[in-house]
file coords-v4.cif (mmCIF, C-alpha atoms)
data_entry
loop_
_atom_site.label_atom_id
_atom_site.label_comp_id
_atom_site.auth_asym_id
_atom_site.auth_seq_id
_atom_site.Cartn_x
_atom_site.Cartn_y
_atom_site.Cartn_z
CA MET G 1 181.56 183.67 169.62
CA ARG G 2 181.64 187.30 170.69
CA ILE G 3 179.14 186.53 173.44
CA ALA G 4 181.35 183.69 174.74
CA ALA G 5 184.38 186.02 174.77
CA ARG G 6 182.39 188.62 176.72
CA ILE G 7 181.28 186.00 179.24
CA ALA G 8 184.87 184.78 179.64
CA LEU G 9 186.04 188.35 180.20
CA ARG G 10 183.34 188.99 182.81
CA ILE G 11 184.16 185.75 184.64
CA THR G 12 187.87 186.58 184.61
CA LEU G 13 187.22 190.08 185.93
CA THR G 14 184.98 188.66 188.67
CA GLY G 15 187.77 186.27 189.69
CA LEU G 16 190.25 189.12 189.81
CA GLY G 17 187.77 191.16 191.86
CA LEU G 18 187.55 188.32 194.38
CA LEU G 19 191.35 188.21 194.49
CA ILE G 20 191.59 191.94 195.20
CA ALA G 21 188.80 191.84 197.80
CA GLY G 22 190.44 188.87 199.54
CA ALA G 23 193.81 190.64 199.57
CA LYS G 24 192.22 193.76 201.08
CA LEU G 25 190.48 191.71 203.77
CA LEU G 26 193.72 189.92 204.65
CA GLY G 27 195.62 193.22 204.68
CA GLN G 28 193.39 194.73 207.37
CA THR G 29 194.88 194.47 210.84
CA THR G 30 193.68 195.46 214.25
CA ASP G 31 195.74 196.84 217.09
CA THR G 32 196.54 194.10 219.56
CA PRO G 33 197.52 194.62 223.18
CA GLN G 34 200.87 193.40 224.52
CA THR G 35 200.74 189.69 225.34
CA THR G 36 202.96 187.14 227.00
CA PRO G 37 205.21 184.90 224.83
CA GLN G 38 202.95 181.90 225.58
CA ALA G 39 199.87 183.81 224.39
CA GLN G 40 201.79 184.94 221.28
CA GLN G 41 202.67 181.34 220.45
CA THR G 42 199.00 180.31 220.75
CA ALA G 43 197.97 183.23 218.53
CA GLN G 44 200.54 182.23 215.89
CA THR G 45 199.17 178.68 215.84
CA GLN G 46 195.65 180.00 215.26
CA ASP G 47 196.85 182.30 212.47
CA GLU G 48 198.60 179.56 210.49
CA ILE G 49 197.30 179.02 206.97
CA THR G 50 197.11 175.47 205.68
CA ALA G 51 197.14 174.91 201.92
CA VAL G 52 194.36 172.74 200.50
CA PRO G 53 195.64 171.67 197.08
CA ASN G 54 193.21 170.32 194.48
CA ARG G 55 193.73 169.19 190.95
CA PRO G 56 190.27 169.59 189.44
CA THR G 57 191.12 167.22 186.60
CA PHE G 58 192.62 164.60 188.94
CA ALA G 59 191.64 164.92 192.60
CA SER G 60 189.65 167.15 194.94
CA THR G 61 189.64 166.64 198.69
CA ALA G 62 186.72 167.27 201.04
CA GLU G 63 188.85 169.83 202.92
CA THR G 64 187.95 173.49 202.39
CA VAL G 65 190.26 176.48 202.50
CA GLN G 66 190.16 178.61 205.62
CA ARG G 67 187.84 181.60 205.86
CA GLY G 68 189.36 184.62 204.10
CA VAL G 69 192.05 182.60 202.29
CA PHE G 70 192.34 182.87 198.51
CA GLU G 71 194.19 180.09 196.67
CA ILE G 72 195.26 180.04 193.03
CA GLU G 73 196.15 176.80 191.26
CA TYR G 74 197.21 176.37 187.64
CA GLY G 75 198.41 173.29 185.82
CA PHE G 76 199.05 171.84 182.37
CA GLU G 77 197.56 168.97 180.43
CA ALA G 78 199.46 167.73 177.42
CA ALA G 79 198.84 164.95 174.93
CA ARG G 80 199.57 164.51 171.25
CA SER G 81 196.49 166.35 169.96
CA HIS G 82 195.31 168.19 173.08
CA GLN G 83 197.03 170.69 175.38
CA ASN G 84 195.67 173.20 177.87
CA VAL G 85 196.45 175.37 180.84
CA ASN G 86 193.76 174.87 183.49
CA GLY G 87 193.18 177.08 186.48
CA LEU G 88 191.27 177.01 189.73
CA LEU G 89 190.65 180.02 191.98
CA LYS G 90 189.28 179.23 195.46
CA TRP G 91 188.15 181.62 198.16
CA GLY G 92 187.19 180.57 201.69
CA MET G 93 183.99 182.52 202.25
CA PHE G 94 183.01 180.88 205.55
CA LYS G 95 184.43 178.12 207.74
CA ASN G 96 183.19 175.23 205.56
CA LEU G 97 182.32 177.04 202.33
CA GLU G 98 184.67 177.92 199.49
CA LEU G 99 183.76 179.53 196.19
CA TRP G 100 185.31 178.12 193.02
CA PHE G 101 186.12 179.65 189.65
CA LEU G 102 187.63 177.33 187.02
CA ASN G 103 188.95 178.38 183.66
CA LEU G 104 190.99 177.23 180.71
CA PRO G 105 192.77 180.40 179.58
CA MET G 106 194.58 178.47 176.83
CA GLU G 107 193.43 175.35 175.04
CA ARG G 108 194.55 173.57 171.88
CA ASP G 109 192.60 170.64 170.51
CA ALA G 110 193.29 168.93 167.17
CA GLY G 111 195.24 171.96 165.93
CA VAL G 112 192.59 174.55 166.93
CA ALA G 113 193.68 176.97 169.66
CA GLY G 114 191.82 179.49 171.80
CA ILE G 115 190.17 180.05 175.17
CA GLY G 116 188.47 177.07 176.83
CA ASP G 117 185.31 176.78 178.91
CA SER G 118 184.93 178.24 182.41
CA GLY G 119 183.03 177.22 185.50
CA ALA G 120 181.80 178.63 188.79
CA GLY G 121 180.63 176.84 191.89
CA PHE G 122 181.25 176.02 195.53
CA LYS G 123 182.47 173.34 197.91
CA LEU G 124 180.49 172.94 201.13
CA GLY G 125 181.80 170.85 204.02
CA ILE G 126 178.82 169.05 205.57
CA ILE G 127 180.45 166.67 208.07
CA SER G 128 183.69 167.46 209.93
CA GLN G 129 186.37 164.83 210.38
CA LYS G 130 186.33 163.05 213.72
CA LYS G 131 188.39 160.18 215.08
CA THR G 132 186.55 157.52 213.03
CA VAL G 133 184.43 159.71 210.73
CA PRO G 134 185.85 161.13 207.48
CA LYS G 135 185.31 164.70 206.28
CA ILE G 136 182.43 164.86 203.79
CA ALA G 137 181.76 167.73 201.41
CA VAL G 138 179.60 168.51 198.38
CA LEU G 139 181.14 170.14 195.30
CA TYR G 140 178.88 171.85 192.75
CA VAL G 141 180.15 173.49 189.55
CA ALA G 142 178.21 175.09 186.70
CA LEU G 143 180.22 174.81 183.48
CA LEU G 144 179.92 177.85 181.23
CA PRO G 145 180.44 177.65 177.44
CA THR G 146 183.03 180.42 177.14
CA ALA G 147 185.34 178.68 174.67
CA THR G 148 186.33 180.24 171.36
CA ASN G 149 187.10 178.75 167.93
CA GLY G 150 184.74 175.79 168.34
CA LEU G 151 186.54 174.47 171.44
CA GLY G 152 184.79 173.32 174.61
CA SER G 153 181.39 171.76 175.12
CA GLY G 154 179.28 174.47 173.51
CA ALA G 155 176.64 174.12 176.23
CA THR G 156 176.09 174.91 179.89
CA GLY G 157 176.58 171.91 182.16
CA HIS G 158 176.41 171.08 185.84
CA PHE G 159 178.17 168.57 188.03
CA VAL G 160 177.84 167.60 191.66
CA ASN G 161 180.39 165.48 193.52
CA ILE G 162 180.30 164.01 197.00
CA LEU G 163 183.86 164.23 198.38
CA VAL G 164 185.09 162.03 201.24
CA SER G 165 188.54 162.49 202.84
CA LYS G 166 190.20 161.10 205.94
CA ASP G 167 193.59 162.04 207.42
CA PHE G 168 195.50 159.18 209.01
CA LYS G 169 198.37 159.59 211.42
CA THR G 170 201.56 157.97 210.16
CA PRO G 171 203.77 155.93 212.47
CA PHE G 172 206.90 157.92 211.47
#
call {"tool": "encode", "arguments": {"input": "coords-v4.cif", "output": "C-alpha cells"}}
result
Amino acid sequence: MRIAARIALRITLTGLGLLIAGAKLLGQTTDTPQTTPQAQQTAQTQDEITAVPNRPTFASTAETVQRGVFEIEYGFEAARSHQNVNGLLKWGMFKNLELWFLNLPMERDAGVAGIGDSGAGFKLGIISQKKTVPKIAVLYVALLPTATNGLGSGATGHFVNILVSKDFKTPF
C-alpha cells in the first residue's frame, strides 16, 4: 500500500507541475505593435478560449482543448454504498493532442474510504470536423492502481475509445 501511495503522490505532483508549467506559458507575453481597431478585433477572436467539458464517467467529446490551455474538471458520484470525487486534468499540448490525468482523490466503497485509482493518457484528434464529416478522435488511458485500503482495481489497466462528435447549427 505504501508503494501505491507513493505512486499517487508522484502522479499528483506531476499534474501540479503541468498546471504550473501551463500557467507560466500562458503568462508569457510578447510586445505587440500598435494596430487598428479592426486588427485588434480579429486578434481577440483568435485569442478566445473555448471550454471543452468532459465527464469521464459519462461523456467525452472528440474535441480537444486548444494548444497551451489547461482545464481542470472535478465531479461527484454518490450512491448508497459508493461515493467518490473524480477529477480530470487536461492540457492542450498541440493543436489536436491533449494530455490527460485522471484521479479519484477521495473514494468510499462499502464503508471503506481512501484514495482511488489514477490514470494517465491522451486524446488525439485524427479527423477534423467538416460540413458533413464529424470530428473523430482516439482516447487512450492507462489506469494505475494507486488506491489505498483495498479500494480500486488493484491492477494496471488500459482503455482505448474512438470518439465521434458533430456540431449542428440550430435554427434559433
call {"tool": "residues_around", "arguments": {"input": "coords-v4.cif", "residues": "Ser165 in chain G", "least_positions_apart": "6", "cutoff": "8 Å", "atoms": "only C-alpha atoms", "output": "PyMOL selection string"}}
result
chain G and resi 61-63+134-136
call {"tool": "closest_residue", "arguments": {"input": "coords-v4.cif", "among": "G:Gly87, G:Gly92, G:Gly125, G:Gly119", "to": "Glu107 in chain G", "atoms": "all atoms listed in the file"}}
result
G:Gly87
call {"tool": "atom_distance", "arguments": {"input": "coords-v4.cif", "atom1": "CA of Ala113 in chain G", "atom2": "CA of Gly157 in chain G"}}
result
21.8 Å
call {"tool": "resolve_selection", "arguments": {"input": "coords-v4.cif", "expression": "the PyMOL selection byres ((chain G and resi 101) around 6)", "output": "list in words"}}
result
Leu88, Leu89, Trp100, Leu102, Gly119 and Ala120 of chain G
call {"tool": "atom_distance", "arguments": {"input": "coords-v4.cif", "atom1": "CA of Asn96 in chain G", "atom2": "CA of Thr170 in chain G"}}
result
25.6 Å
call {"tool": "resolve_selection", "arguments": {"input": "coords-v4.cif", "expression": "the PyMOL selection byres ((chain G and resi 145) around 9)", "output": "PyMOL selection string"}}
result
chain G and resi 4+7-8+116-119+143-144+146-148+152-157
call {"tool": "resolve_selection", "arguments": {"input": "coords-v4.cif", "expression": "the PyMOL selection byres ((chain G and resi 160) around 6)", "output": "ChimeraX atom specification"}}
result
/G:139-140,159,161
call {"tool": "atom_distance", "arguments": {"input": "coords-v4.cif", "atom1": "CA of Ile115 in chain G", "atom2": "CA of Ala142 in chain G"}}
result
17.3 Å
call {"tool": "closest_residue", "arguments": {"input": "coords-v4.cif", "among": "G:Asp167, G:Glu77, G:Glu71, G:Asp109", "to": "Pro53 in chain G", "atoms": "only C-alpha atoms"}}
result
G:Glu71
call {"tool": "residues_around", "arguments": {"input": "coords-v4.cif", "residues": "Thr64 in chain G", "least_positions_apart": "3", "cutoff": "12 Å", "atoms": "all atoms listed in the file", "output": "VMD selection string"}}
result
chain G and resid 49 to 54 60 to 61 67 to 71 90 to 100 122 to 129 135 to 139 163 to 165
call {"tool": "write_last_selection", "arguments": {"input": "coords-v4.cif", "atoms": "C-alpha atoms", "output": "compact mmCIF listing (two decimals), in the coordinates of the input"}}
result
# COMPACT_ATOMS: atom_id res chain seq x y z
CA ILE G 49 197.30 179.02 206.97
CA THR G 50 197.11 175.47 205.68
CA ALA G 51 197.14 174.91 201.92
CA VAL G 52 194.36 172.74 200.50
CA PRO G 53 195.64 171.67 197.08
CA ASN G 54 193.21 170.32 194.48
CA SER G 60 189.65 167.15 194.94
CA THR G 61 189.64 166.64 198.69
CA ARG G 67 187.84 181.60 205.86
CA GLY G 68 189.36 184.62 204.10
CA VAL G 69 192.05 182.60 202.29
CA PHE G 70 192.34 182.87 198.51
CA GLU G 71 194.19 180.09 196.67
CA LYS G 90 189.28 179.23 195.46
CA TRP G 91 188.15 181.62 198.16
CA GLY G 92 187.19 180.57 201.69
CA MET G 93 183.99 182.52 202.25
CA PHE G 94 183.01 180.88 205.55
CA LYS G 95 184.43 178.12 207.74
CA ASN G 96 183.19 175.23 205.56
CA LEU G 97 182.32 177.04 202.33
CA GLU G 98 184.67 177.92 199.49
CA LEU G 99 183.76 179.53 196.19
CA TRP G 100 185.31 178.12 193.02
CA PHE G 122 181.25 176.02 195.53
CA LYS G 123 182.47 173.34 197.91
CA LEU G 124 180.49 172.94 201.13
CA GLY G 125 181.80 170.85 204.02
CA ILE G 126 178.82 169.05 205.57
CA ILE G 127 180.45 166.67 208.07
CA SER G 128 183.69 167.46 209.93
CA GLN G 129 186.37 164.83 210.38
CA LYS G 135 185.31 164.70 206.28
CA ILE G 136 182.43 164.86 203.79
CA ALA G 137 181.76 167.73 201.41
CA VAL G 138 179.60 168.51 198.38
CA LEU G 139 181.14 170.14 195.30
CA LEU G 163 183.86 164.23 198.38
CA VAL G 164 185.09 162.03 201.24
CA SER G 165 188.54 162.49 202.84
call {"tool": "closest_residue", "arguments": {"input": "coords-v4.cif", "among": "G:Glu48, G:Lys130, G:His158, G:Leu104", "to": "Gly75 in chain G", "atoms": "only C-alpha atoms"}}
result
G:Leu104
